[in-house]
Structure formats: C-alpha cells, structure tokens
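Below is one structure, written out as structure tokens, with a few remarks after it.
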Amino acid sequence: MIRKEDILKSQDLWARGLVEIGKFKDDYSRAKNLTLELMYQLYDFRDGKVQFKPTKASDKQFRNDEDSALSYFIGADKNFPEDSGFAMSQWKNIEFKNDSINIYEDVAIVMGNYFFTDGSGAKTKVEYTFGYIKRDKSLKIILHHSSLPYNSF
C-alpha cells in the first residue's frame, strides 16, 4: 500500500534532483548521469511504461520513452530541437503544493501546483498531475503531466 509519506518523499527527491542537475549546466556528462539516475530512481521507464507530458514541450509534447524524457530534462538531442533542458535552468528551489492525493493500494494519483524559483528569486507556477505505482517497495512515476496555468484567449 502506498502511503502519503511515500509520495511526499518522492516529490522531495524529484525537486532536489532537478535542482542538483541544474548545478551541472556546464558539465553535460555529469548532468546526464544525474538525470538518468533520477529517472531510473523515480520513473518507471525500466520496468513499465510512463506517460509523460512535460510543461515546455509543444512540437513533440509527449515524452513516453527514456530518450525523449532525457532530452526534455537536459536538452542536446537533435531529435528534439525545442528542448533547451528544463533541469538546466538552474532552479534554486522547487516546491510542491498538493491539491489532492488519491491512493488506491499500489497506485496513487496526485495533482496540484509546483513552484519553480529561479536565481533571481522569481517563481513560476506550474500545474501538475503525477501518477505513481509501487514496485518492489519503490514508488515509481507512471504519469507525469505538467502545464502552465490557463490564461484567457
């Protein structure tokens, strides 16, 4: 059974991981290794399938495999020219504000807002929905959907 504490821990690891990756913006090899570690630790790319719709992707908006997700986080993949590397933005802090957490034994769905703080202290609010599955005592993300808040036409 998934516990709320498991979800909060996963969110904290995700946020700290993205901040850490950004510290290595000038060392692509190290950033790539950190990103792969984070992806394998927190996402279900190895054992299952992941539905991933990142915030700043429009040309190829769905990133359901390892290569396309890696490109989103750190860029430099010619197959995804729109990617500048979201994690390379050198975020200073990422804070989750969960609106709801629904747990169904070994599956959980969480949605809310997360706030990305840049080097100047400016915060960007992003809406998210994450789906989790418990595999071998580990929580893995199987759904990740992020979007910027709606503005009128």
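Ligands are numbered from 1 in the order shown, residues from 1 within each chain, and chains are lettered A, B, ... in the order they appear in the structure tokens.
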
If you run DSSP on the backbone here, which positions in range 19-148 of chain A get helix (DSSP H, G or I)? Please write them as a VMD selection string. chain A and resid 19 to 22 28 to 42 66 to 74 86 to 89

List the neighbours of range 91-99 of chain A out to 8 Å using only C-alpha atoms; skip same-chain residues closer than 2 positions along the sequence, and give me the result as a PDB file with N, CA and C atoms, in the first residue's frame.
ATOM      1  N   GLN A  11       8.316  13.317  -4.114  1.00  0.00           N
ATOM      2  CA  GLN A  11       8.276  14.699  -4.593  1.00  0.00           C
ATOM      3  C   GLN A  11       9.520  15.466  -4.152  1.00  0.00           C
ATOM      4  N   ALA A  15      12.253  17.139  -6.668  1.00  0.00           N
ATOM      5  CA  ALA A  15      12.596  18.564  -6.620  1.00  0.00           C
ATOM      6  C   ALA A  15      14.087  18.768  -6.371  1.00  0.00           C
ATOM      7  N   ARG A  16      14.633  18.075  -5.382  1.00  0.00           N
ATOM      8  CA  ARG A  16      16.054  18.214  -5.085  1.00  0.00           C
ATOM      9  C   ARG A  16      16.910  17.713  -6.245  1.00  0.00           C
ATOM     10  N   LEU A  18      16.158  17.784  -9.526  1.00  0.00           N
ATOM     11  CA  LEU A  18      16.194  18.773 -10.610  1.00  0.00           C
ATOM     12  C   LEU A  18      17.085  19.962 -10.258  1.00  0.00           C
ATOM     13  N   VAL A  19      17.036  20.405  -9.021  1.00  0.00           N
ATOM     14  CA  VAL A  19      17.915  21.495  -8.589  1.00  0.00           C
ATOM     15  C   VAL A  19      19.374  21.070  -8.723  1.00  0.00           C
ATOM     16  N   GLY A  22      20.703  21.021 -12.369  1.00  0.00           N
ATOM     17  CA  GLY A  22      20.978  22.370 -12.864  1.00  0.00           C
ATOM     18  C   GLY A  22      22.328  22.918 -12.440  1.00  0.00           C
ATOM     19  N   ALA A  87      15.760  21.017 -16.727  1.00  0.00           N
ATOM     20  CA  ALA A  87      16.515  20.918 -15.473  1.00  0.00           C
ATOM     21  C   ALA A  87      17.765  21.781 -15.502  1.00  0.00           C
ATOM     22  N   MET A  88      18.218  22.174 -16.686  1.00  0.00           N
ATOM     23  CA  MET A  88      19.412  23.002 -16.812  1.00  0.00           C
ATOM     24  C   MET A  88      19.116  24.474 -16.530  1.00  0.00           C
ATOM     25  N   SER A  89      17.890  24.787 -16.188  1.00  0.00           N
ATOM     26  CA  SER A  89      17.507  26.174 -15.895  1.00  0.00           C
ATOM     27  C   SER A  89      18.094  26.681 -14.591  1.00  0.00           C
ATOM     28  N   ILE A 101      -4.549  14.050  -3.098  1.00  0.00           N
ATOM     29  CA  ILE A 101      -3.797  12.797  -3.185  1.00  0.00           C
ATOM     30  C   ILE A 101      -4.814  11.675  -3.066  1.00  0.00           C
ATOM     31  N   VAL A 110      -1.862  12.154  -7.895  1.00  0.00           N
ATOM     32  CA  VAL A 110      -1.663  13.382  -7.139  1.00  0.00           C
ATOM     33  C   VAL A 110      -1.711  14.554  -8.107  1.00  0.00           C
ATOM     34  N   MET A 111      -2.411  15.624  -7.712  1.00  0.00           N
ATOM     35  CA  MET A 111      -2.364  16.822  -8.548  1.00  0.00           C
ATOM     36  C   MET A 111      -2.281  18.051  -7.669  1.00  0.00           C
ATOM     37  N   GLY A 112      -1.769  19.109  -8.283  1.00  0.00           N
ATOM     38  CA  GLY A 112      -1.607  20.366  -7.574  1.00  0.00           C
ATOM     39  C   GLY A 112      -0.769  21.316  -8.396  1.00  0.00           C
ATOM     40  N   ASN A 113      -0.066  22.171  -7.698  1.00  0.00           N
ATOM     41  CA  ASN A 113       0.842  23.124  -8.330  1.00  0.00           C
ATOM     42  C   ASN A 113       2.236  22.887  -7.779  1.00  0.00           C
ATOM     43  N   TYR A 114       3.222  23.125  -8.619  1.00  0.00           N
ATOM     44  CA  TYR A 114       4.560  23.247  -8.086  1.00  0.00           C
ATOM     45  C   TYR A 114       5.113  24.570  -8.548  1.00  0.00           C
ATOM     46  N   PHE A 115       6.034  25.095  -7.722  1.00  0.00           N
ATOM     47  CA  PHE A 115       6.574  26.424  -7.929  1.00  0.00           C
ATOM     48  C   PHE A 115       8.084  26.305  -8.116  1.00  0.00           C
ATOM     49  N   PHE A 116       8.553  26.846  -9.234  1.00  0.00           N
ATOM     50  CA  PHE A 116       9.965  26.802  -9.592  1.00  0.00           C
ATOM     51  C   PHE A 116      10.562  28.178  -9.331  1.00  0.00           C
ATOM     52  N   THR A 117      11.555  28.252  -8.460  1.00  0.00           N
ATOM     53  CA  THR A 117      12.208  29.509  -8.133  1.00  0.00           C
ATOM     54  C   THR A 117      13.533  29.581  -8.875  1.00  0.00           C
ATOM     55  N   ASP A 118      13.714  30.668  -9.647  1.00  0.00           N
ATOM     56  CA  ASP A 118      14.960  30.828 -10.404  1.00  0.00           C
ATOM     57  C   ASP A 118      15.990  31.599  -9.574  1.00  0.00           C
ATOM     58  N   GLY A 119      17.142  31.854 -10.174  1.00  0.00           N
ATOM     59  CA  GLY A 119      18.243  32.506  -9.481  1.00  0.00           C
ATOM     60  C   GLY A 119      17.950  33.904  -8.990  1.00  0.00           C
ATOM     61  N   GLY A 121      15.062  34.753  -7.778  1.00  0.00           N
ATOM     62  CA  GLY A 121      14.006  34.669  -6.765  1.00  0.00           C
ATOM     63  C   GLY A 121      12.604  34.658  -7.347  1.00  0.00           C
TER      64      GLY A 121
END

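If only C-alpha atoms are the atoms counted, then among A:Gln90, A:Asp26, A:Arg3, A:Gly131 the closest residue to Leu143 in chain A is A:Gly131.
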
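Across the structure, CA of Lys134 in chain A and CA of Asp106 in chain A are spaced 5.1 Å apart.
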
Which of chain A end up as strand (DSSP E) when DSSP is run on this backbone - answer as a ChimeraX atom specification? /A:51-53,93-104,107-117,123-135,138-147

Contact residues around Ile109 in chain A with only C-alpha atoms at 12 Å, ignoring same-chain residues under 5 positions, as a VMD selection string: chain A and resid 2 to 4 7 98 to 104 128 to 134 139 to 145

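Residue nearest Ser146 in chain A, chosen from A:Phe52, A:Phe86, A:Trp14, A:Phe24 and counting only C-alpha atoms: A:Phe52.
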
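Reported to one decimal place, the separation of CA of Glu82 in chain A from CA of Lys60 in chain A is 8.4 Å.
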
Do you know which residues are at most 9 Å from Phe80 in chain A counting only C-alpha atoms, after dropping those on the same chain fewer than 3 positions away, and could you put them as a list in words? Asp59, Lys60, Ser68, Ser71, Tyr72, Gly75, Ala76, Asp77 and Asp83 of chain A

Option closest in space to Ala69 in chain A, from A:Asn33, A:Pro81, A:Tyr150, A:Gln51 [counting only C-alpha atoms]: A:Gln51

Work out how far apart CA of Lys137 in chain A and CA of Thr35 in chain A are and give it in Å to one decimal. 21.6 Å

What's the 12 Å shell around Leu34 in chain A, counting only C-alpha atoms, without same-chain residues fewer than 2 positions away, as number ranges by chain? A: 14, 16-25, 27-32, 36-41, 70, 73-74, 87-88
